[in-house]
Structure formats: C-alpha cells, structure tokens
Amino acid sequence: MAGKRGATPATYSPSLTTAKGKKKPPIFTDDANWVRSDGRHFHQCRPAFLRIATVNSASGSAYAEFGNTKVIVSVFGPRESKKAMMYSDVGRLNCNVSYTTFATPSRGQGSDNKDFSSMLHKALEGAIILESFPKTTVDVFALVLESGGSDLPVIISCASLALADAGIMLYDLVAAVSVSCLGKNLVIDPISEEEVYQEGSFMISCMPSRNEVTQLTVTGEWSTPKISEAMDLCLDACSKLGNIMRSCLKEPLSAPEE
Amino acid sequence: MAAASGSNLSSEMEVDAFRRLFPLRFHERHLLQSIRPDGRTLGKARDTTIALGAVTSANGSALTKIGCTTMLAAIKLEVMTPTAESPDEGCIAIDFHMPPICSPIVRPGRPAEAAPVLAKQLSDTITSSGVIDLKELSLVGGKAAWMAYLDIYCLDADGSLFDAALLSAVAAFSHLRIPVVSLNDEGRIVLVSEDNGGGKLEKEPVNKEKRKLKLDSLPFSLTCILHKNYILADPTAEEESIMETLVTVVLDSSSQLVSLYKPGGPVPAHTSAIQDCVALTRQRLKELQKILNGAISDMEVD
Amino acid sequence: MEIDRGDGRKANQLRPVSCTRAVLNRAHGSASWSQGETKVLAAVYGPKAGTKKNENPEKACFEVIWKPKTGQIGKPEKECEMILKRTLQSICILNVHPNTTTSIIIQVVNDDGGLLPCAINAACAALVDAGIPLKHLAVAICCSLAKNGRVLLDPNKSEEQNMKAFVYLAFPNSIQSVLPEGSLQVEGEPMEHGIITSVTHGVMSVDDYLLCLDKGRAASEKLSVFLRSSLK
C-alpha cells in the first residue's frame with residue numbers, strides 16, 4: 001500500500017521496428033518533386049491557431065498551436081524587480097522557456113531551455129518600450145506543451161501576443177518564422193522530422209508593420225542567393241502571420257471554439 | 001462589522017477597493033447572503049470541462065478545467081525490467097509540476113512549495129485507491145513491464161489544485177492506449193507499426209492490439225473550505241488565501257473513502273462538518289463521472 | 001476482546017509513551033517524544049525577527065524542517081513539513097509576535113510507525129518548552145483499520161503495513177488545562193472533538209472513518225492527560 005515506491009529502475013521507450021529493405025520516407029530525398037509528410041507545399045506554413053487570455057492568473061497570456069507545436073506563454077508584471085537588482089531607468093525583461101516532460105517523443109527532464117530563453121529575450125527586447133515601466137520587471141514565461149518543430153519562432157510570436165494581452169507597450173507585434181534548407185529546397189515552417197535532416201536553418205523575427213527585424217539567425221551552410229530567397233520567404237510569411245496575430249487580438253474574448 | 005459598511009459603496013471601484021482592503025469582511029458579507037463573490041451558492045462547484053487527447057506525443061492525455069484552474073496530464077509509457085518482488089507488475093510514477101506560467105507566485109528556478117506535496121498526495125491517492133491494476137502493465141513476466149510516467153502540469157492555478165489534478169490524472173488514464181509491441185531478438189521491446197502489420201512479423205507481438213486499461217472504481221475529490229459554520233465547496237485561490245481551513249475528501253465510484261485530508265487550519269472539523277463534506281463530495285462525484293463519461297464518448301465518436 | 005496483535009497489546013492499547021523536555025541546551029525549546037520504538041526529537045528556535053517572503057507580516061510565521069533518520073529530503077518529508085507547519089500554526093496565537101519566524105526542527109530518531117503523530121506531539125511539547133504562546137495543545141494519534149474491520153490504535157510499522165487503511169488524527173486537548181504561560185484566551189467551546197488534522201492512507205468506508213474518529217478521540221483524552229502531566 002503506502003511506501004511501495006523504491007528507486008525508479010532504468011527505462012527506455014520502445015523504438016519503432018524498422019523492417020529491412022523498406023525505403024526511406026520521401027522526406028529525405030533530394031528530389032524537387034517530393035511532397036512534405038503533412039502534404040504541404042514547400043512554401044506553405046502550417047495552419048496557426050492563436051488565442052489570448054488563456055491563463056487567468058497572469059497579467060497577459062497567449063496560446064499558440066502550429067500543427068503539433070503547442071506553446072503557452074504567460075506574462076507577469078510589470079512588477080517589483082528582484083532585490084539584488086540595481087536601480088534602472090528602463091524596465092527589465094526576463095524570459096524563461098521550459099519544456100514539459102512529454103513534449104518530445106522520448107521523455108525529457110522538463111528542465112529550462114537556457115538557449116531559447118536568451119534567444120526569446122533578444123527577439124522581444126527590441127519591440128518593447130522599456131522606458132514605459134522604469135525600475136520594474138516584466139516576466140515572460142513560456143511552456144512548450146508539445147514540440148512539433150519550429151518551436152522557437154512559435155514561442156516568439158506567442159510571447160509577443162501575450163505581451164500585447166498584458167498591455168505592455170510595444171512598438172509592434174513580433175512575428176517569427178523559420179526556413180529549413182533540405183538539399184536543393186527551402187521549406188518554410190519545418191516540422192521536427194524535417195528539422196532533423198536539415199542542412200541549414202534560417203529564422204527571422206520581425207515587426208511586420210514597421211518592416212524592422214529584431215532577430216535573425218542563420219545556422220549551417222548557405223549560399224548568398226539562398227539566403228536572400230529565404231529572407232524574402234520569411235518576411236512575406238511574417239507579414240501574413242502578423243495579420244493573423246492582429247486579428248486574434250481584435251477578437252472578442254468570448255471567441256467561439258476554433 | 002458595521003464600521004466599514006458605508007453608504008458610499010455604490011460604484012464599482014469602491015467595491016473593488018473594499019475587497020482588497022478587507023477581504024475577510026468582504027467574503028463574510030457574501031456568506032451572510034449564502035452566496036459567493038463569483039455568484040455561486042456555497043455548495044456549488046465551478047464549471048468543469050475535460051478534453052481527452054490534448055497531447056499527441058503522449059500515450060494518454062487530458063486537459064481539465066475547473067473554473068479557471070487548468071491542468072494538463074499526460075502519460076508516457078516506457079519499458080522497464082520489473083523488480084524481483086513483483087515480476088508481473090508494471091509501475092506508475094506520478095509527478096506534479098507548477099511551471100512559472102501558472103501563477104505569479106512561482107518564479108523560475110525556485111519551484112513552488114506546494115508542488116512536491118501535491119505530487120505525494122496524488123501518488124498516494126492513486127496508488128491506494130487501486131484504480132489501476134499494476135498487473136495489467138506487465139508485458140513479459142519477469143523481463144519487461146510498462147512504466148507509466150504520469151506528469152501533471154498546472155497551467156493556471158486558481159484554487160482546488162488537487163481536485164483538478166486528480167481529475168486530469170483519472171481522465172488521462174481513461175484515455176491511455178497501450179501500443180502494440182513485440183519482443184525482438186536482443187530482448188528489447190519494440191513498437192510494431194500498424195501499417196506494415198500482418199505476415200512480415202518475425203515474432204508474435206507481445207501485446208496484440210491497442211488496448212485500454214481496465215479501470216476499477218475511479219477516485220474523485222472535492223475540496224471544501226471550513227469557515228465558522230459555513231462550508232464552501234471548490235474554493236478559488238482568493239478564497240483559499242483568506243479562509244485557510246481546507247478539507248479534501250476523495251471518494252471512489254463505489255462511495256468508499258479513499259482519503260480525507262485536512263492539513264491543520266484554524267477551524268477544527270467536527271463530525272457533522274465532515275459528514276457534510278462527504279455528502280457534497282458524493283454529489284460532486286456523480287457530476288464528475290457524468291462529465292468524464294461525456295468526454296470519453298465524445299472522443300469515441302470522433 | 002482477544003489479544004491478537006504482534007506485540008500482545010489490546011486493540012485500544014497505546015504503546016508506552018514517554019516525553020522529556022529541554023533535552024537540548026542551545027535550542028530555545030526542545031522535547032523528545034517516543035511511542036514504543038518510534039522516537040522523535042523536536043527543537044524550537046525563535047521567534048526570530050522577520051518573516052519569509054510571501055508571508056503575512058501581521059502574523060507570526062512558522063517554518064518546519066524535517067530531518068529524516070537517513071537519506072535526503074524527498075516528497076514525503078516535504079509533505080510532513082507542510083502538514084506539521086499548518087497544524088502548529090492552527091494551535092499557536094499568531095498575533096502575539098507579529099512579523100517573526102519560529103523554526104521547528106524535527107529529527108527522526110527512529111521510525112516504527114505512526115511517525116507523523118509522534119512528530120506533532122513532540123513539536124507541541126517543544127513549543128511549550130520554548131514558551132511560544134499557544135491557544136491549546138494538540139494531541140495526535142494513529143488509528144488503523146484491520147482487514148477484519150477492527151480498529152487498532154497506535155500501530156507499529158509492521159502492523160501499519162498489513163492494515164487495510166490507517167488514519168493520522170490530531171485533536172485539540174481539553175481547554176480546562178492550565179497552560180504554563182497562562183495565555184488562555186479561548187472561550188469555553190466544546191472544541192476538543194474537532195479535528196485539527198486528518199491524513200488517511202488506504203480505502204475504507206465512511207462509517208469506518210467515523211469509527212476511527214471516535215476511538216481516536218477516546219485515546220486522545222488519555223494522551224492529553226499524559227501530555228499535560230509531563231509538562232507540569
């Protein structure tokens with residue numbers, strides 16, 4: 001009955017049987033004619049579902065669902081800075097990104113993601129009018145409920161919606177989109193399987209109505225024409241995403257289910 | 001009492017100020033009228049919803065909402081070697097998380113005090129209720145069994161956390177599907193994909209079809225506040241912070257008492273109060289069972 | 001009633017209880033409490049200035065630190081800390097020393113069942129020893145329900161494991177007791193029957209629980225007589 005829990009034994013998650021001779025799924029081919037596993041075109045984003053004011057106890061919050069990527073962001077503050085902080089004329093932004101233990105296919109530890117936390121901070125910092133809340137801190141906390149690829153861009157877009165919901169002064173919303181380079185092709189808004197096989201990735205976060213970029217990251221090998229192609233793709237997608245985000249903010253709070 | 005009762009409490013703003021400055025008096029005035037600030041009667045719980053299968057990367061999951069309190073529970077199955085004492089039993093590991101998104105009190109890096117206590121309480125309740133027969137989680141006697149990792153995340157904390165967490169855990173178990181697996185040559189358990197099925201398999205699958213767990217007598221709970229002679233069912237975070245005596249009753253579907261939990265508090269619970277709490281829980285159990293059955297049949301239609 | 005318990009006790013018989021106060025000289029108050037083989041040492045430090053963050057500065061604040069016999073602090077210890085803290089907070093008069101923190105350190109010396117009730121009793125005696133103003137004392141008891149439906153009081157560890165269910169209960173002791181500080185402020189309510197704390201393990205019927213409650217109340221009276229006499 002009680003006290004029956006010993007030390008947890010080592011466990012593993014069963015992998016899928018790979019039958020021999022079975023050809024690789026089409027996602028990995030270098031051909032220009034392959035179809036993405038979810039049936040999208042190369043330059044088509046996943047359908048986005050956005051909702052604000054999902055967490056009642058936070059000053060502002062937003063939920064974003066792009067395919068299987070599900071993210072929830074809460075914003076607290078502006079509130080008292082930590083005691084150890086020095087006096088500051090401008091407000092502070094504090095970001096934290098964490099994953100649930102069940103977010104990834106194999107069970108994780110549910111720990112903080114330091115990289116994403118600092119990337120989120122950099123992507124948002126430029127869009128917030130920090131002078132509007134001197135001496136105080138705004139906390140932006142993101143929890144990835146399920147990771148399905150392009151996590152960081154979804155977190156960034158969702159966080160900017162949450163900031164807007166909290167009434168924090170912004171120059172503009174921040175929309176972020178990423179592109180993966182798979183062989184000859186560029187695919188926008190990649191899913192996890194595509195990210196695993198990508199040769200390079202490109203992410204832009206920008207303020208669509210001001211035409212300003214707050215963050216741009218490039219990893220992997222890229223040729224100059226590819227870069228400019230990717231940039232055009234992303235900027236175009238960002239402005240469309242920006243419109244969706246804007247309309248989400250205008251929706252009445254009692255929005256119907258989906 | 002009379003001191004703060006002014007004639008000038010007409011405007012919205014002043015009511016709000018009164019609520020913040022004299023929270024106890026604000027609530028007691030409502031109680032006198034047998035009503036609560038959110039318009040509920042004393043014994044009424046908040047609206048409750050259950051959505052099954054919210055997380056596709058897990059083997060079973062559920063999202064529950066009681067009022068604003070939101071919980072997401074997900075179960076991931078992994079394979080373990082069973083212990084020598086119980087070779088034909090699986091295991092359940094339950095954890096409860098309060099990420100910083102759920103409440104202004106929780107900060108990153110400093111876990112909430114309540115989280116480990118609730119995790120222990122949930123784990124005790126679920127194991128002692130006997131809702132899951134651990135033998136059902138066995139795969140190959142003595143060699144392999146399922147370890148069910150149940151993780152419950154609080155997404156929004158607004159009181160009665162235990163009730164919402166237990167409900168989401170029970171709902172996640174009723175959504176759980178055990179996948180088809182077989183034992184390979186190296187003695188490891190591997191998944192059998194559904195599409196290539198049939199003749200190509202070298203080994204007979206250990207678990208032949210996707211199956212549900214058999215669940216006996218589901219536990220359901222209700223938290224009540226005791227304050228003077230009042231009993232308030234399903235308190236919000238605000239009510240919990242003002243009136244500190246909480247009683248949590250857990251009953252299973254056959255009306256057996258699984259747990260009666262009262263951790264201190266300034267108001268002692270007399271027998272009559274306990275019986276009232278149990279009676280309220282009996283009512284709530286029927287409601288919750290209906291909601292859960294509704295969610296399960298909704299899912300099976302889809 | 002036949003004797004069928006491992007150590008030859010009757011169903012309603014408690015294990016031998018002993019209580020010693022002021023066992024530590026550096027603590028402001030301390031007590032050791034043992035019931036059979038279960039023994040707990042409690043030390044009280046305070047009231048010290050200031051409260052922890054998120055606590056009400058108009059009231060006295062308590063912190064409980066639970067030291068297990070061996071090993072690290074895990075979830076069970078955290079739960080005990082929380083229950084003990086809330087139990088003690090409910091018996092203390094919190095507005096005598098506002099904006100202070102009192103630390104209670106519980107060291108488990110030996111665990112042979114009924115650990116939490118034993119710790120509550122020890123902490124209560126230590127609080128009296130430290131002179132912390134209390135509304136009343138608390139007495140805690142473990143009642144267990146055997147598979148045949150009989151209630152056995154104060155089970156030891158091996159009994160606890162074979163039981164269908166068991167209940168930890170804490171009651172206020174009767175009010176006519178004269179507290180050392182003479183800080184009696186509560187009006188004469190029949191309060192010694194109200195439960196301060198209840199923690200259950202295992203499944204039982206509601207009637208069985210109420211039966212445990214009755215037996216527990218009867219036993220708590222005996223215990224409270226003992227506690228009172230050992231504090232004089």
# chains A, B, ... in the order shown; residues from 1 in each chain; ligands from 1

$ residues_around --residues "region 199-209 of chain A" --least-positions-apart "3" --cutoff "8 Å" --atoms "only C-alpha atoms" --output "PyMOL selection string"
chain A and resi 123+127+153+156+172-183+212-222+230-231+234-235+238-239+242

$ write_last_selection --atoms "N, CA and C atoms" --output "tab-separated table (two decimals), in the first residue's frame"
chain	number	residue	atom	x	y	z
A	123	ALA	N	14.91	38.50	-29.03
A	123	ALA	CA	13.91	38.75	-30.08
A	123	ALA	C	12.87	39.76	-29.63
A	127	ALA	N	11.35	45.16	-29.34
A	127	ALA	CA	9.98	45.56	-29.67
A	127	ALA	C	9.27	46.20	-28.49
A	153	PRO	N	10.38	30.00	-33.21
A	153	PRO	CA	9.53	31.02	-33.83
A	153	PRO	C	8.11	31.06	-33.25
A	156	ILE	N	8.26	32.81	-29.90
A	156	ILE	CA	8.45	34.27	-30.03
A	156	ILE	C	7.13	34.94	-30.43
A	172	ASP	N	5.57	47.26	-31.98
A	172	ASP	CA	4.75	46.47	-32.89
A	172	ASP	C	4.79	45.03	-32.39
A	173	LEU	N	3.88	44.21	-32.89
A	173	LEU	CA	3.94	42.78	-32.58
A	173	LEU	C	5.19	42.19	-33.23
A	174	VAL	N	5.68	41.10	-32.67
A	174	VAL	CA	6.83	40.43	-33.27
A	174	VAL	C	6.35	39.11	-33.84
A	175	ALA	N	6.56	38.93	-35.14
A	175	ALA	CA	6.20	37.67	-35.77
A	175	ALA	C	7.49	36.98	-36.19
A	176	ALA	N	7.58	35.68	-35.95
A	176	ALA	CA	8.80	34.96	-36.28
A	176	ALA	C	8.48	33.74	-37.12
A	177	VAL	N	9.32	33.47	-38.10
A	177	VAL	CA	9.13	32.33	-38.99
A	177	VAL	C	10.51	31.75	-39.29
A	178	SER	N	10.59	30.43	-39.46
A	178	SER	CA	11.87	29.83	-39.81
A	178	SER	C	11.76	29.04	-41.11
A	179	VAL	N	12.92	28.85	-41.73
A	179	VAL	CA	13.01	28.13	-43.00
A	179	VAL	C	14.13	27.11	-42.87
A	180	SER	N	13.91	25.91	-43.37
A	180	SER	CA	14.96	24.90	-43.36
A	180	SER	C	15.45	24.68	-44.77
A	181	CYS	N	16.74	24.39	-44.88
A	181	CYS	CA	17.32	24.07	-46.18
A	181	CYS	C	17.49	22.56	-46.25
A	182	LEU	N	16.73	21.94	-47.13
A	182	LEU	CA	16.81	20.49	-47.30
A	182	LEU	C	17.25	20.22	-48.73
A	183	GLY	N	18.50	19.88	-48.93
A	183	GLY	CA	19.01	19.67	-50.27
A	183	GLY	C	18.90	20.94	-51.09
A	212	GLU	N	10.85	46.09	-39.58
A	212	GLU	CA	12.13	46.04	-38.87
A	212	GLU	C	12.35	44.62	-38.36
A	213	VAL	N	13.61	44.20	-38.44
A	213	VAL	CA	13.95	42.86	-37.97
A	213	VAL	C	14.48	42.95	-36.55
A	214	THR	N	13.98	42.16	-35.64
A	214	THR	CA	14.51	42.18	-34.27
A	214	THR	C	15.54	41.09	-34.07
A	215	GLN	N	15.43	40.03	-34.82
A	215	GLN	CA	16.42	38.97	-34.66
A	215	GLN	C	16.52	38.17	-35.95
A	216	LEU	N	17.75	37.77	-36.28
A	216	LEU	CA	17.95	36.96	-37.47
A	216	LEU	C	19.02	35.93	-37.13
A	217	THR	N	18.71	34.66	-37.28
A	217	THR	CA	19.73	33.65	-37.02
A	217	THR	C	19.88	32.75	-38.24
A	218	VAL	N	21.12	32.45	-38.53
A	218	VAL	CA	21.41	31.53	-39.63
A	218	VAL	C	22.35	30.47	-39.10
A	219	THR	N	22.03	29.22	-39.33
A	219	THR	CA	22.96	28.14	-38.98
A	219	THR	C	23.15	27.27	-40.21
A	220	GLY	N	24.27	26.61	-40.28
A	220	GLY	CA	24.55	25.73	-41.40
A	220	GLY	C	25.12	26.47	-42.58
A	221	GLU	N	25.18	25.77	-43.70
A	221	GLU	CA	25.84	26.30	-44.88
A	221	GLU	C	24.81	26.92	-45.82
A	222	TRP	N	25.02	28.17	-46.20
A	222	TRP	CA	24.06	28.87	-47.06
A	222	TRP	C	24.81	29.63	-48.15
A	230	ALA	N	15.53	32.91	-48.84
A	230	ALA	CA	14.96	32.56	-47.53
A	230	ALA	C	14.42	33.80	-46.84
A	231	MET	N	15.18	34.89	-46.96
A	231	MET	CA	14.77	36.12	-46.30
A	231	MET	C	13.43	36.62	-46.86
A	234	CYS	N	10.61	34.40	-45.61
A	234	CYS	CA	10.29	34.62	-44.20
A	234	CYS	C	9.56	35.94	-43.99
A	235	LEU	N	10.07	36.99	-44.62
A	235	LEU	CA	9.46	38.31	-44.42
A	235	LEU	C	8.01	38.31	-44.90
A	238	CYS	N	6.05	36.39	-42.37
A	238	CYS	CA	5.91	37.16	-41.14
A	238	CYS	C	4.79	38.18	-41.25
A	239	SER	N	4.70	38.83	-42.41
A	239	SER	CA	3.67	39.86	-42.51
A	239	SER	C	2.29	39.21	-42.50
A	242	GLY	N	1.66	38.25	-38.99
A	242	GLY	CA	1.35	39.46	-38.24
A	242	GLY	C	-0.12	39.83	-38.35

$ closest_atom_pairs --of "chain C" --to "chain A" --cutoff "10 Å" --atoms "only C-alpha atoms" --output "tab-separated table"
residue	atom	partner	partner_atom	distance
C:Pro76	CA	A:Gly3	CA	9.3
C:Glu160	CA	A:Ala2	CA	9.2
C:Gln161	CA	A:Met1	CA	7.2
C:Asn162	CA	A:Met1	CA	8.7
C:Met163	CA	A:Met1	CA	8.8
C:Lys164	CA	A:Met1	CA	8.5
C:Ala165	CA	A:Met1	CA	8.8
C:His201	CA	A:Ala2	CA	7.1
C:Gly202	CA	A:Met1	CA	7.1

$ write_last_selection --atoms "N, CA and C atoms" --output "mmCIF file, in the first residue's frame"
data_model
loop_
_atom_site.group_PDB
_atom_site.id
_atom_site.type_symbol
_atom_site.label_atom_id
_atom_site.label_comp_id
_atom_site.auth_asym_id
_atom_site.auth_seq_id
_atom_site.Cartn_x
_atom_site.Cartn_y
_atom_site.Cartn_z
ATOM 1 N N PRO C 76 7.994 12.822 0.591
ATOM 2 C CA PRO C 76 7.282 12.501 1.840
ATOM 3 C C PRO C 76 7.648 13.469 2.959
ATOM 4 N N GLU C 160 1.181 -1.452 10.553
ATOM 5 C CA GLU C 160 0.746 -0.447 9.587
ATOM 6 C C GLU C 160 0.738 -1.015 8.168
ATOM 7 N N GLN C 161 1.774 -1.811 7.867
ATOM 8 C CA GLN C 161 1.882 -2.328 6.504
ATOM 9 C C GLN C 161 0.824 -3.377 6.188
ATOM 10 N N ASN C 162 0.309 -4.045 7.241
ATOM 11 C CA ASN C 162 -0.677 -5.088 6.976
ATOM 12 C C ASN C 162 -2.115 -4.604 7.098
ATOM 13 N N MET C 163 -2.267 -3.311 7.325
ATOM 14 C CA MET C 163 -3.614 -2.792 7.552
ATOM 15 C C MET C 163 -4.294 -2.463 6.229
ATOM 16 N N LYS C 164 -5.628 -2.478 6.294
ATOM 17 C CA LYS C 164 -6.406 -2.055 5.134
ATOM 18 C C LYS C 164 -6.236 -0.540 4.954
ATOM 19 N N ALA C 165 -6.291 0.143 6.053
ATOM 20 C CA ALA C 165 -6.198 1.599 5.991
ATOM 21 C C ALA C 165 -5.752 2.113 7.343
ATOM 22 N N HIS C 201 -4.634 6.950 4.763
ATOM 23 C CA HIS C 201 -3.995 6.109 3.738
ATOM 24 C C HIS C 201 -4.858 4.874 3.575
ATOM 25 N N GLY C 202 -5.151 4.508 2.368
ATOM 26 C CA GLY C 202 -5.921 3.294 2.127
ATOM 27 C C GLY C 202 -7.411 3.578 2.048
#

$ interface_residues --of "chain B" --to "chain C" --cutoff "7 Å" --atoms "only C-alpha atoms" --output "NGL selection string"
:B and (116-117 or 120 or 128-129 or 256-266 or 268-270)

$ interface_residues --of "chain B" --to "chain A" --cutoff "6 Å" --atoms "only C-alpha atoms" --output "compact mmCIF listing (two decimals) with C-alpha atoms, in the first residue's frame"
# COMPACT_ATOMS: atom_id res chain seq x y z
CA SER B 57 3.23 12.87 -28.30
CA GLU B 78 8.33 3.25 -21.24
CA VAL B 79 9.67 -0.25 -20.78
CA MET B 80 11.39 -1.36 -17.59
CA ILE B 101 3.38 30.28 -16.14
CA SER B 103 0.82 31.69 -11.01
CA SER B 128 -4.12 3.40 -2.57
CA ASP B 156 -3.40 28.07 -14.42
CA ILE B 189 10.63 -4.34 -26.67
CA VAL B 190 9.94 -2.61 -29.97
CA LEU B 191 6.87 -0.92 -31.36
CA VAL B 192 5.00 -2.62 -34.18

$ residues_around --residues "Ile132 (chain C)" --least-positions-apart "2" --cutoff "10 Å" --atoms "only C-alpha atoms" --output "ChimeraX atom specification"
/C:28-29,44,46-47,92-94,96-97,102,124,126-130,134-135,181,183

$ atom_distance --atom1 "CA of Glu221 (chain C)" --atom2 "CA of Ser158 (chain C)"
25.6 Å

$ closest_residue --among "B:Pro23, B:Gly109, B:Pro87, B:Pro37" --to "Asn113 (chain A)" --atoms "only C-alpha atoms"
B:Gly109

$ select_by_dssp --residues "region 172-263 of chain B" --states "helix (DSSP H, G or I)" --output "list in words"
Ala172, Phe173, Ser174, His175, Gly198, Gly199, Lys200, Ala237, Glu238, Glu239, Glu240, Ser241 and Ile242 of chain B

$ write_last_selection --atoms "C-alpha atoms" --output "compact mmCIF listing (two decimals), in the first residue's frame"
# COMPACT_ATOMS: atom_id res chain seq x y z
CA ALA B 172 -5.58 10.68 -18.76
CA PHE B 173 -5.70 7.06 -17.58
CA SER B 174 -9.06 6.55 -19.23
CA HIS B 175 -7.61 7.96 -22.46
CA GLY B 198 0.32 -8.91 -40.95
CA GLY B 199 2.68 -11.50 -42.35
CA LYS B 200 6.01 -9.67 -42.20
CA ALA B 237 -7.35 30.85 -4.98
CA GLU B 238 -8.67 34.06 -3.42
CA GLU B 239 -10.99 32.17 -1.07
CA GLU B 240 -8.20 29.74 -0.14
CA SER B 241 -5.91 32.61 0.80
CA ILE B 242 -8.47 34.28 3.05

$ residues_around --residues "Gly159 (chain B)" --least-positions-apart "6" --cutoff "12 Å" --atoms "only C-alpha atoms" --output "ChimeraX atom specification"
/A:56-57 /B:45-46,65-71,102-103,114,165,222-225,233-244,246

$ residues_around --residues "Asp216 (chain B)" --least-positions-apart "3" --cutoff "10 Å" --atoms "only C-alpha atoms" --output "PyMOL selection string"
chain B and resi 129-133+213+219+252-254

$ write_last_selection --atoms "C-alpha atoms" --output "PDB file, in the first residue's frame"
ATOM      1  CA  SER B 129      -7.381   3.734  -4.489  1.00  0.00           C
ATOM      2  CA  GLY B 130      -6.353   0.660  -6.502  1.00  0.00           C
ATOM      3  CA  VAL B 131      -7.803   2.235  -9.637  1.00  0.00           C
ATOM      4  CA  ILE B 132      -5.085   0.641 -11.745  1.00  0.00           C
ATOM      5  CA  ASP B 133      -4.180  -2.991 -11.566  1.00  0.00           C
ATOM      6  CA  LEU B 213      -6.553  -0.084 -19.327  1.00  0.00           C
ATOM      7  CA  PRO B 219     -11.457   8.252  -7.443  1.00  0.00           C
ATOM      8  CA  ASP B 252     -14.303   6.308  -5.355  1.00  0.00           C
ATOM      9  CA  SER B 253     -17.207   5.361  -7.602  1.00  0.00           C
ATOM     10  CA  SER B 254     -18.438   2.801  -5.062  1.00  0.00           C
TER      11      SER B 254
END

$ closest_residue --among "B:Ala17, B:Ala58, B:Ala84, B:Val247" --to "Gly141 (chain B)" --atoms "only C-alpha atoms"
B:Ala84

$ closest_residue --among "B:Leu118, B:Ala164, B:Val106, B:Leu183" --to "Lys143 (chain B)" --atoms "only C-alpha atoms"
B:Leu183
